[in-house]
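Data file: model-v7.txt. Format and content: compact mmCIF, C-alpha atoms.
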```
# COMPACT_ATOMS: atom_id res chain seq x y z
CA MET A 9 -26.86 -22.19 -35.58
CA SER A 10 -25.04 -23.10 -32.38
CA ILE A 11 -22.37 -20.96 -30.80
CA ASN A 12 -19.28 -22.89 -29.77
CA VAL A 13 -16.05 -21.89 -28.08
CA SER A 14 -12.99 -22.45 -30.23
CA PRO A 15 -9.65 -23.27 -28.60
CA ARG A 16 -7.81 -21.59 -31.46
CA LEU A 17 -8.19 -18.02 -30.22
CA SER A 18 -4.78 -16.52 -29.68
CA PRO A 19 -3.88 -14.80 -26.84
CA ALA A 20 -15.54 13.46 -34.91
CA ARG A 21 -13.00 13.38 -37.38
CA GLY A 22 -12.41 10.80 -39.95
CA PRO A 23 -9.22 8.82 -39.58
CA VAL A 24 -6.36 10.53 -41.35
CA VAL A 25 -3.39 8.69 -39.90
CA GLN A 26 -0.88 8.14 -42.64
CA PRO A 27 0.56 4.63 -42.84
CA LEU A 28 4.31 4.47 -42.34
CA ARG A 29 6.50 2.81 -44.91
CA GLN A 30 9.02 0.36 -43.48
CA GLU A 31 11.93 2.39 -44.74
CA GLU A 32 10.71 5.56 -43.02
CA ALA A 33 12.14 6.46 -39.65
CA ALA A 34 9.47 5.91 -37.04
CA PRO A 35 9.29 5.15 -33.33
CA ALA A 36 9.39 1.44 -32.59
CA PRO A 37 5.85 0.22 -31.97
CA ARG A 38 5.04 -0.14 -28.32
CA ALA A 39 4.13 -3.71 -27.42
CA VAL A 40 0.57 -3.77 -26.11
CA PRO A 41 -0.34 -7.11 -24.50
CA PRO A 42 -3.52 -8.65 -25.92
CA LEU A 43 -6.60 -8.72 -23.73
CA PRO A 44 -7.26 -12.17 -22.23
CA GLN A 45 -9.83 -14.40 -23.90
CA VAL A 46 -11.81 -14.72 -20.66
CA LEU A 47 -12.49 -10.96 -20.88
CA LEU A 48 -13.26 -10.90 -24.60
CA GLU A 49 -15.50 -13.93 -24.90
CA PRO A 50 -18.54 -12.70 -22.90
CA VAL A 51 -18.64 -9.45 -24.89
CA VAL A 52 -18.42 -11.19 -28.26
CA ARG A 53 -20.87 -13.91 -27.22
CA ALA A 54 -23.42 -11.27 -26.13
CA ALA A 55 -23.05 -9.45 -29.44
CA LEU A 56 -23.59 -12.66 -31.41
CA LEU A 57 -26.62 -13.63 -29.35
CA GLU A 58 -28.11 -10.17 -29.88
CA ASP A 59 -27.68 -10.58 -33.64
CA LEU A 60 -28.94 -14.17 -33.82
CA GLY A 61 -32.11 -13.31 -31.92
CA ARG A 62 -34.64 -16.11 -31.55
CA ALA A 63 -34.27 -17.91 -34.86
CA GLY A 64 -30.66 -17.51 -35.96
CA ASP A 65 -29.47 -16.23 -39.33
CA ILE A 66 -32.57 -17.05 -41.37
CA THR A 67 -31.15 -15.40 -44.53
CA THR A 68 -27.94 -17.41 -44.63
CA ASP A 69 -29.64 -20.63 -43.54
CA ALA A 70 -32.14 -20.28 -46.39
CA ILE A 71 -29.61 -19.49 -49.11
CA VAL A 72 -26.29 -21.15 -48.25
CA GLU A 73 -25.98 -24.94 -48.36
CA PRO A 74 -24.94 -26.58 -45.04
CA GLY A 75 -21.74 -28.05 -46.46
CA GLN A 76 -20.71 -25.03 -48.54
CA ARG A 77 -17.29 -23.59 -47.80
CA SER A 78 -15.82 -20.16 -48.45
CA ARG A 79 -12.55 -18.26 -48.29
CA LEU A 80 -12.78 -14.51 -47.67
CA ARG A 81 -10.32 -11.77 -46.75
CA LEU A 82 -10.52 -8.94 -44.23
CA VAL A 83 -9.23 -5.95 -46.18
CA ALA A 84 -8.51 -2.34 -45.18
CA ARG A 85 -10.36 0.21 -47.30
CA LYS A 86 -8.94 3.31 -45.61
CA PRO A 87 -5.60 4.15 -43.97
CA GLY A 88 -5.49 3.72 -40.22
CA VAL A 89 -4.31 1.67 -37.28
CA LEU A 90 -5.52 -1.88 -36.73
CA ALA A 91 -7.11 -2.91 -33.41
CA GLY A 92 -9.56 -5.59 -32.32
CA LEU A 93 -8.27 -8.53 -34.34
CA ASP A 94 -8.82 -11.06 -31.53
CA LEU A 95 -12.46 -10.00 -31.20
CA ALA A 96 -13.01 -10.54 -34.91
CA ARG A 97 -11.35 -13.94 -34.69
CA LEU A 98 -13.50 -14.92 -31.73
CA ALA A 99 -16.71 -13.84 -33.49
CA PHE A 100 -16.00 -16.27 -36.31
CA THR A 101 -14.79 -19.20 -34.20
CA LEU A 102 -17.62 -18.91 -31.70
CA CYS A 103 -20.08 -19.28 -34.57
CA ASP A 104 -18.29 -22.33 -35.93
CA ALA A 105 -15.16 -23.91 -34.46
CA ALA A 106 -14.29 -25.23 -37.93
CA ILE A 107 -13.64 -21.71 -39.24
CA GLU A 108 -9.95 -20.98 -39.74
CA PHE A 109 -8.78 -17.42 -39.06
CA LEU A 110 -5.29 -16.62 -40.37
CA PRO A 111 -4.10 -13.08 -39.56
CA GLY A 112 -1.58 -11.44 -41.83
CA LEU A 113 -1.13 -8.41 -39.58
CA ALA A 114 -1.29 -7.67 -35.87
CA ASP A 115 -3.00 -5.01 -33.77
CA GLY A 116 -1.04 -1.78 -34.05
CA ALA A 117 -0.23 -2.23 -37.74
CA ARG A 118 -0.43 0.89 -39.88
CA LEU A 119 -2.85 0.12 -42.68
CA ARG A 120 -3.01 1.21 -46.30
CA PRO A 121 -6.11 0.76 -48.45
CA GLY A 122 -6.02 -2.74 -49.88
CA ASP A 123 -3.93 -4.28 -47.11
CA GLU A 124 -4.97 -7.84 -46.33
CA ILE A 125 -5.55 -8.11 -42.59
CA ALA A 126 -6.60 -11.75 -42.32
CA VAL A 127 -7.98 -14.68 -44.29
CA VAL A 128 -11.14 -16.37 -43.04
CA SER A 129 -11.96 -19.80 -44.44
CA GLY A 130 -14.27 -22.69 -43.64
CA PRO A 131 -18.05 -23.26 -43.38
CA ALA A 132 -19.71 -20.44 -45.31
CA ARG A 133 -22.75 -20.28 -43.06
CA GLY A 134 -20.68 -19.55 -39.97
CA ILE A 135 -18.55 -16.96 -41.76
CA LEU A 136 -21.55 -14.98 -43.03
CA THR A 137 -23.36 -15.17 -39.69
CA ALA A 138 -20.36 -13.80 -37.81
CA GLU A 139 -19.36 -11.22 -40.43
CA ARG A 140 -21.18 -8.17 -39.07
CA THR A 141 -20.28 -8.79 -35.42
CA ALA A 142 -16.63 -9.30 -36.33
CA LEU A 143 -16.56 -6.13 -38.44
CA ASN A 144 -18.42 -4.08 -35.82
CA PHE A 145 -15.69 -4.77 -33.28
CA LEU A 146 -12.80 -4.51 -35.73
CA CYS A 147 -13.93 -1.30 -37.45
CA HIS A 148 -14.85 0.49 -34.23
CA LEU A 149 -11.70 -0.38 -32.28
CA SER A 150 -9.51 0.37 -35.30
CA GLY A 151 -11.26 3.74 -35.46
CA VAL A 152 -10.36 4.40 -31.82
CA ALA A 153 -6.74 3.38 -32.42
CA THR A 154 -6.56 5.49 -35.58
CA ALA A 155 -7.92 8.63 -33.91
CA THR A 156 -5.58 8.15 -30.96
CA ALA A 157 -2.59 7.70 -33.26
CA GLU A 158 -3.45 10.89 -35.13
CA ILE A 159 -3.18 12.88 -31.90
CA ALA A 160 -0.17 10.92 -30.63
CA ASP A 161 1.70 11.53 -33.90
CA ALA A 162 0.87 15.25 -33.81
CA ILE A 163 2.11 15.83 -30.26
CA ARG A 164 5.09 13.45 -30.24
CA PRO A 165 7.71 16.21 -30.76
CA TYR A 166 6.63 17.87 -27.50
CA GLY A 167 6.80 14.85 -25.21
CA ALA A 168 3.16 15.03 -24.13
CA ARG A 169 0.94 11.94 -24.13
CA VAL A 170 -2.68 11.59 -25.22
CA THR A 171 -4.96 9.89 -22.72
CA CYS A 172 -8.56 8.74 -22.84
CA THR A 173 -11.31 9.33 -20.26
CA ARG A 174 -14.25 7.45 -18.74
CA LYS A 175 -16.40 8.66 -21.66
CA THR A 176 -16.67 5.18 -23.11
CA MET A 177 -19.55 3.13 -24.49
CA PRO A 178 -21.23 1.02 -21.78
CA GLY A 179 -19.82 -2.49 -21.73
CA LEU A 180 -16.91 -1.63 -24.04
CA ARG A 181 -14.59 0.30 -21.73
CA ALA A 182 -11.84 -2.30 -21.48
CA LEU A 183 -11.90 -2.79 -25.26
CA GLN A 184 -11.86 0.91 -26.10
CA LYS A 185 -9.08 1.62 -23.63
CA TYR A 186 -7.10 -1.26 -25.14
CA ALA A 187 -7.53 0.35 -28.58
CA VAL A 188 -6.28 3.66 -27.18
CA ARG A 189 -3.10 1.90 -26.01
CA VAL A 190 -2.72 0.25 -29.41
CA GLY A 191 -2.93 3.70 -31.01
CA GLY A 192 -0.08 4.98 -28.86
CA GLY A 193 -2.14 6.62 -26.11
CA SER A 194 -2.37 6.18 -22.36
CA ASN A 195 -5.32 5.29 -20.17
CA HIS A 196 -6.85 7.50 -17.52
CA ARG A 197 -8.99 5.89 -14.82
CA PHE A 198 -10.67 2.61 -15.68
CA GLY A 199 -13.45 3.37 -13.22
CA LEU A 200 -14.45 5.34 -10.17
CA ASP A 201 -12.53 3.00 -7.88
CA ASP A 202 -8.91 3.20 -9.05
CA ALA A 203 -8.05 6.88 -8.43
CA ILE A 204 -9.56 10.00 -6.89
CA LEU A 205 -10.54 12.75 -9.31
CA ILE A 206 -12.00 15.80 -7.56
CA LYS A 207 -14.14 17.79 -10.00
CA ASP A 208 -15.95 21.09 -9.71
CA ASN A 209 -19.12 19.59 -8.24
CA HIS A 210 -17.12 17.79 -5.57
CA VAL A 211 -15.43 21.07 -4.65
CA ALA A 212 -18.76 22.89 -4.51
CA LEU A 213 -20.40 20.25 -2.31
CA ALA A 214 -17.38 20.07 -0.01
CA GLY A 215 -17.34 23.85 0.44
CA GLY A 216 -14.05 24.55 -1.30
CA VAL A 217 -10.79 23.12 -2.60
CA ARG A 218 -9.19 22.66 0.82
CA PRO A 219 -11.94 20.58 2.44
CA ALA A 220 -12.31 18.52 -0.73
CA ILE A 221 -8.61 17.65 -0.83
CA GLU A 222 -8.39 17.05 2.91
CA ARG A 223 -11.35 14.65 2.86
CA ALA A 224 -9.95 12.84 -0.17
CA ARG A 225 -6.54 12.46 1.43
CA ALA A 226 -8.07 11.11 4.64
CA ALA A 227 -9.99 8.46 2.69
CA ALA A 228 -7.35 7.48 0.14
CA GLY A 229 -5.26 4.37 0.47
CA HIS A 230 -1.49 4.67 0.23
CA LEU A 231 -1.51 3.62 -3.46
CA VAL A 232 -4.38 5.86 -4.55
CA LYS A 233 -3.47 9.01 -6.48
CA ILE A 234 -5.40 12.26 -6.06
CA GLU A 235 -6.17 14.52 -9.03
CA LEU A 236 -7.94 17.88 -8.85
CA GLU A 237 -9.71 19.60 -11.72
CA VAL A 238 -9.02 23.34 -11.83
CA ASP A 239 -10.11 26.00 -14.26
CA THR A 240 -8.32 29.01 -12.79
CA LEU A 241 -4.74 29.71 -11.78
CA ALA A 242 -5.96 30.71 -8.32
CA GLN A 243 -7.44 27.24 -7.80
CA LEU A 244 -4.22 25.71 -9.09
CA GLU A 245 -2.13 27.73 -6.62
CA GLU A 246 -4.30 26.55 -3.73
CA ALA A 247 -4.17 22.94 -4.91
CA LEU A 248 -0.38 22.95 -5.21
CA ALA A 249 -0.02 24.39 -1.73
CA LEU A 250 -2.18 21.60 -0.33
CA GLY A 251 -0.43 18.91 -2.37
CA VAL A 252 -2.07 16.76 -5.06
CA ASP A 253 -0.56 14.24 -7.44
CA VAL A 254 -2.15 15.50 -10.66
CA VAL A 255 -3.91 18.69 -11.75
CA LEU A 256 -6.50 18.62 -14.53
CA LEU A 257 -6.29 21.96 -16.31
CA ASP A 258 -9.77 22.28 -17.75
CA ASN A 259 -10.55 24.56 -20.71
CA MET A 260 -7.64 26.92 -20.07
CA ASP A 261 -6.34 29.09 -22.89
CA LEU A 262 -2.77 28.60 -24.07
CA ALA A 263 -1.37 31.49 -22.03
CA ASP A 264 -2.86 30.16 -18.79
CA LEU A 265 -1.76 26.63 -19.66
CA ARG A 266 1.86 27.81 -19.97
CA ARG A 267 1.66 29.59 -16.62
CA ALA A 268 0.02 26.57 -15.03
CA VAL A 269 2.76 24.26 -16.29
CA ASP A 270 5.41 26.57 -14.85
CA MET A 271 3.60 26.72 -11.51
CA ALA A 272 3.19 22.94 -11.27
CA LYS A 273 6.65 21.96 -12.49
CA GLY A 274 8.16 19.45 -10.08
CA ARG A 275 5.08 19.57 -7.87
CA ALA A 276 2.33 17.79 -9.81
CA ILE A 277 1.62 16.11 -13.13
CA THR A 278 -0.28 18.38 -15.50
CA GLU A 279 -3.18 17.22 -17.67
CA ALA A 280 -4.99 19.49 -20.14
CA SER A 281 -8.57 18.86 -21.24
CA GLY A 282 -11.46 20.53 -23.04
CA GLY A 283 -12.30 20.65 -26.74
CA VAL A 284 -9.03 19.16 -27.98
CA THR A 285 -8.86 18.40 -31.72
CA PRO A 286 -6.07 17.15 -34.00
CA ASP A 287 -5.59 20.76 -35.08
CA THR A 288 -5.32 22.25 -31.57
CA ALA A 289 -3.44 19.40 -29.86
CA PRO A 290 0.09 20.41 -31.00
CA ALA A 291 -0.23 23.93 -29.58
CA ILE A 292 -1.56 22.51 -26.31
CA ALA A 293 1.32 20.03 -26.13
CA ALA A 294 3.79 22.85 -26.83
CA THR A 295 2.82 24.48 -23.51
CA GLY A 296 4.66 21.66 -21.74
CA VAL A 297 1.70 19.76 -20.27
CA ASP A 298 2.36 16.11 -19.48
CA LEU A 299 -0.96 14.72 -20.66
CA ILE A 300 -3.82 15.72 -22.97
CA ALA A 301 -7.16 14.11 -22.09
CA ILE A 302 -9.64 13.57 -24.93
CA GLY A 303 -13.10 12.03 -24.65
CA TRP A 304 -14.15 11.85 -28.30
CA ILE A 305 -11.49 9.28 -29.22
CA THR A 306 -13.72 6.73 -27.49
CA HIS A 307 -17.27 8.09 -27.31
CA SER A 308 -17.78 9.51 -30.79
CA VAL A 309 -14.99 8.31 -33.03
CA ARG A 310 -15.60 7.39 -36.68
CA VAL A 311 -15.12 3.72 -37.53
CA LEU A 312 -12.30 2.63 -39.81
CA ASP A 313 -13.59 1.13 -43.06
CA ILE A 314 -12.65 -2.57 -43.22
CA GLY A 315 -14.46 -5.10 -45.39
CA LEU A 316 -14.80 -8.87 -45.77
CA ASP A 317 -14.12 -9.51 -49.45
CA ALA A 318 -13.73 -12.49 -51.74
```

Could you express the structure from this file as structure tokens?
Amino acid sequence: MSINVSPRLSPARGPVVQPLRQEEAAPAPRAVPPLPQVLLEPVVRAALLEDLGRAGDITTDAIVEPGQRSRLRLVARKPGVLAGLDLARLAFTLCDAAIEFLPGLADGARLRPGDEIAVVSGPARGILTAERTALNFLCHLSGVATATAEIADAIRPYGARVTCTRKTMPGLRALQKYAVRVGGGSNHRFGLDDAILIKDNHVALAGGVRPAIERARAAAGHLVKIELEVDTLAQLEEALALGVDVVLLDNMDLADLRRAVDMAKGRAITEASGGVTPDTAPAIAATGVDLIAIGWITHSVRVLDIGLDA
């Protein structure tokens, strides 16, 4: 089966996000621009090629007649937040440009079990061949968005924001960070080249906090922010005296977090990290930190159950 490009492409805990009813008061959804097709297509194409292997879909080709058509629905089986719809669409249309993909919802939608996400119709062979790749992207990214939304909902009363890290799956960073934004979170660095984050090993190799910060400042461009990871209040005091843009408060208890926030107020942005869960996030946010960094929302999140049904 050939893979074609379709011009129709439009621009650790299980998910427990509760879908919002329209009549309930809720924050207006934040508009998250879709990722451009030129970024998505190579990732989806590589996934399809990996699945097709050397001989294509030998099961479908043996069983389904070439001219047979089908109409199936993408349906939510669990509550959550939808993300990755354009990747699912592209998986189908790359397999066969004659497949029609009609979404009923958009990324960011709060899902209930049974919600119809999209209708996929057209050549049955192409639909079945693309099914697993489409669902892999859609279920995983919806899982990321759902986990992010769970934290974002829990900490909203305190004004803190949840942010992801560089702990992403290789090759999927842009997609996973997009899903974090869809879930109501913020993105940390996209890579090693867009901000300076001085961690404990950097400090040790530099010979201390001061030389590490001074070397970073000497090398940084005028638009590059400098963040320092600290795990003691003494390190924080030294960092604030030297001047940094952000302090990463790593694995501090709640009492130290409160003191750290007071010390840094008006002097640096505060970011808490280390073992954050949906249960502990509200208490961390209540200390007054600006950001809560969480790695598991990208590297080990549970997928959201979505199926392709008749």

task: Could you give me, as an NGL selection string, the residues within 7 Å of range 293-306 of chain A, counting only C-alpha atoms and dropping anything in the same chain fewer than 6 positions from it?
output: :A and (20 or 152 or 155-156 or 163 or 166 or 168-173 or 175-176 or 184 or 262 or 265-266 or 269 or 277-281 or 284)

Who sits within 8 Å of Asp115 in chain A, all atoms listed in the file, same chain under 6 positions skipped, as number ranges by chain: A: 89-93, 190

message: List as number ranges by chain the protein and nucleic acid residues near Glu124 in chain A, meaning an atom at most 12 Å away when all atoms listed in the file are counted, but skip any in the same chain fewer than 2 places from it.
response: A: 80-86, 90, 110-114, 117-122, 126-128, 314-318

- request: Identify the residues around (-9.9, 7.1, -16.4) within a radius of 7 Å, measuring from all atoms listed in the file in the coordinates stated by the file, and give them as a list in words.
  value: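 The residues near that point, listed by chain and number, are Cys172, Thr173, Arg174, Asn195, His196, Arg197, Phe198 and Gly199 of chain A.
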
Would you pick out the contacts of Thr68 in chain A at 8 Å or less, using all atoms listed in the file, so that residues sharing its chain but fewer than 2 positions from it are not included, and give the list as a compact mmCIF listing (two decimals) with C-alpha atoms, keeping the file's coordinate frame?
```
# COMPACT_ATOMS: atom_id res chain seq x y z
CA ASP A 65 -29.47 -16.23 -39.33
CA ILE A 66 -32.57 -17.05 -41.37
CA ALA A 70 -32.14 -20.28 -46.39
CA ILE A 71 -29.61 -19.49 -49.11
CA VAL A 72 -26.29 -21.15 -48.25
CA ARG A 133 -22.75 -20.28 -43.06
CA LEU A 136 -21.55 -14.98 -43.03
CA THR A 137 -23.36 -15.17 -39.69
```

field: Atomic distance CA of Pro44 in chain A - CA of Asp94 in chain A, expressed in Å with one decimal
entry: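 One can read the CA of Pro44 in chain A to CA of Asp94 in chain A distance as 9.5 Å.
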
query: Smallest atom-to-atom distance to Leu256 in chain A: which of A:Ala54, A:Val211, A:Met271, A:Ile206, using all atoms listed in the file?
result: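 The closest residue to Leu256 in chain A is A:Ile206.
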
- request: Show which residues sit within 9 Å of Leu48 in chain A, as a list in words. Count all atoms listed in the file, and ignore same-chain residues fewer than 4 positions away.
  value: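 Everything that qualifies: Leu43, Pro44, Val52, Arg53, Asp94, Leu95, Leu98 and Leu183 of chain A.
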
query: Which of these, A:Leu180, A:Val232, A:Val238, A:Val188, has the shortest distance to Asp253 in chain A once you count all atoms listed in the file?
result: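 The closest residue to Asp253 in chain A is A:Val232.
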
query: Suppose you want the space between CA of Pro41 in chain A and CA of Leu149 in chain A; what is it in Å?
result: 15.3 Å

- line: Taken to one decimal, the CA of Met177 in chain A-CA of Ala227 in chain A distance is 29.3 Å

message: I'd like to know which of A:Ala132, A:Leu312, A:Ala105, A:Ala263 is closest to Arg77 in chain A, using all atoms listed in the file.
response: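 For Arg77 in chain A, the nearest of the candidates is A:Ala132.
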
task: Please determine the residues with any atom at most 12 Å from (-17.9, -21.9, -37.5) (coordinates as given in the file, with all atoms listed in the file counting) and report them as JSON, numbers by chain.
output: {"A": [9, 10, 11, 12, 13, 14, 16, 74, 75, 76, 77, 78, 97, 98, 99, 100, 101, 102, 103, 104, 105, 106, 107, 108, 109, 128, 129, 130, 131, 132, 133, 134, 135, 136, 137, 138, 139]}

Please rebuild range 264-274 of chain A with all heavy atoms and return the result as a JSON list (two decimals), keeping the file's coordinate frame.
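Listed below is the output, result-v3.json:
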```
[["chain", "number", "residue", "atom", "x", "y", "z"],
["A", 264, "ASP", "N", -2.69, 30.67, -20.15],
["A", 264, "ASP", "CA", -2.86, 30.16, -18.79],
["A", 264, "ASP", "C", -2.27, 28.76, -18.65],
["A", 264, "ASP", "O", -1.74, 28.40, -17.59],
["A", 264, "ASP", "CB", -4.35, 30.14, -18.42],
["A", 264, "ASP", "CG", -4.85, 31.51, -17.99],
["A", 264, "ASP", "OD1", -4.02, 32.42, -17.81],
["A", 264, "ASP", "OD2", -6.08, 31.68, -17.85],
["A", 265, "LEU", "N", -2.36, 27.96, -19.71],
["A", 265, "LEU", "CA", -1.76, 26.63, -19.66],
["A", 265, "LEU", "C", -0.25, 26.73, -19.43],
["A", 265, "LEU", "O", 0.32, 25.98, -18.63],
["A", 265, "LEU", "CB", -2.04, 25.86, -20.95],
["A", 265, "LEU", "CG", -3.36, 25.11, -21.05],
["A", 265, "LEU", "CD1", -3.49, 24.46, -22.42],
["A", 265, "LEU", "CD2", -3.48, 24.06, -19.95],
["A", 266, "ARG", "N", 0.40, 27.64, -20.15],
["A", 266, "ARG", "CA", 1.86, 27.81, -19.97],
["A", 266, "ARG", "C", 2.18, 28.22, -18.54],
["A", 266, "ARG", "O", 3.13, 27.69, -17.92],
["A", 266, "ARG", "CB", 2.39, 28.84, -20.96],
["A", 266, "ARG", "CG", 2.34, 28.41, -22.41],
["A", 266, "ARG", "CD", 3.08, 29.39, -23.30],
["A", 266, "ARG", "NE", 2.80, 29.13, -24.69],
["A", 266, "ARG", "CZ", 1.85, 29.72, -25.39],
["A", 266, "ARG", "NH1", 1.07, 30.65, -24.81],
["A", 266, "ARG", "NH2", 1.64, 29.43, -26.66],
["A", 267, "ARG", "N", 1.42, 29.16, -18.00],
["A", 267, "ARG", "CA", 1.66, 29.59, -16.62],
["A", 267, "ARG", "C", 1.39, 28.45, -15.65],
["A", 267, "ARG", "O", 2.13, 28.26, -14.67],
["A", 267, "ARG", "CB", 0.78, 30.80, -16.30],
["A", 267, "ARG", "CG", 1.16, 32.07, -17.06],
["A", 267, "ARG", "CD", 0.22, 33.21, -16.72],
["A", 267, "ARG", "NE", 0.27, 33.56, -15.30],
["A", 267, "ARG", "CZ", -0.60, 34.38, -14.70],
["A", 267, "ARG", "NH1", -1.59, 34.91, -15.42],
["A", 267, "ARG", "NH2", -0.49, 34.65, -13.43],
["A", 268, "ALA", "N", 0.35, 27.69, -15.91],
["A", 268, "ALA", "CA", 0.02, 26.57, -15.03],
["A", 268, "ALA", "C", 1.12, 25.52, -15.03],
["A", 268, "ALA", "O", 1.46, 24.97, -13.98],
["A", 268, "ALA", "CB", -1.30, 25.95, -15.47],
["A", 269, "VAL", "N", 1.66, 25.23, -16.20],
["A", 269, "VAL", "CA", 2.76, 24.26, -16.29],
["A", 269, "VAL", "C", 3.97, 24.74, -15.49],
["A", 269, "VAL", "O", 4.61, 23.96, -14.76],
["A", 269, "VAL", "CB", 3.12, 24.01, -17.76],
["A", 269, "VAL", "CG1", 4.43, 23.23, -17.87],
["A", 269, "VAL", "CG2", 2.00, 23.25, -18.46],
["A", 270, "ASP", "N", 4.28, 26.01, -15.61],
["A", 270, "ASP", "CA", 5.41, 26.57, -14.85],
["A", 270, "ASP", "C", 5.16, 26.47, -13.34],
["A", 270, "ASP", "O", 6.06, 26.13, -12.57],
["A", 270, "ASP", "CB", 5.65, 28.03, -15.25],
["A", 270, "ASP", "CG", 6.27, 28.16, -16.62],
["A", 270, "ASP", "OD1", 6.85, 27.17, -17.11],
["A", 270, "ASP", "OD2", 6.16, 29.25, -17.23],
["A", 271, "MET", "N", 3.93, 26.77, -12.93],
["A", 271, "MET", "CA", 3.60, 26.72, -11.51],
["A", 271, "MET", "C", 3.69, 25.30, -10.95],
["A", 271, "MET", "O", 4.13, 25.09, -9.82],
["A", 271, "MET", "CB", 2.20, 27.27, -11.27],
["A", 271, "MET", "CG", 2.05, 28.76, -11.52],
["A", 271, "MET", "SD", 0.30, 29.29, -11.55],
["A", 271, "MET", "CE", -0.24, 28.86, -9.88],
["A", 272, "ALA", "N", 3.28, 24.33, -11.76],
["A", 272, "ALA", "CA", 3.19, 22.94, -11.27],
["A", 272, "ALA", "C", 4.47, 22.15, -11.46],
["A", 272, "ALA", "O", 4.58, 21.03, -10.95],
["A", 272, "ALA", "CB", 2.05, 22.23, -11.98],
["A", 273, "LYS", "N", 5.44, 22.72, -12.15],
["A", 273, "LYS", "CA", 6.65, 21.96, -12.49],
["A", 273, "LYS", "C", 7.32, 21.41, -11.23],
["A", 273, "LYS", "O", 7.62, 22.13, -10.28],
["A", 273, "LYS", "CB", 7.63, 22.85, -13.24],
["A", 273, "LYS", "CG", 8.85, 22.12, -13.79],
["A", 273, "LYS", "CD", 9.66, 23.03, -14.70],
["A", 273, "LYS", "CE", 8.87, 23.43, -15.93],
["A", 273, "LYS", "NZ", 9.68, 24.24, -16.88],
["A", 274, "GLY", "N", 7.53, 20.09, -11.22],
["A", 274, "GLY", "CA", 8.16, 19.45, -10.08],
["A", 274, "GLY", "C", 7.25, 19.24, -8.89],
["A", 274, "GLY", "O", 7.66, 18.65, -7.88]]
```
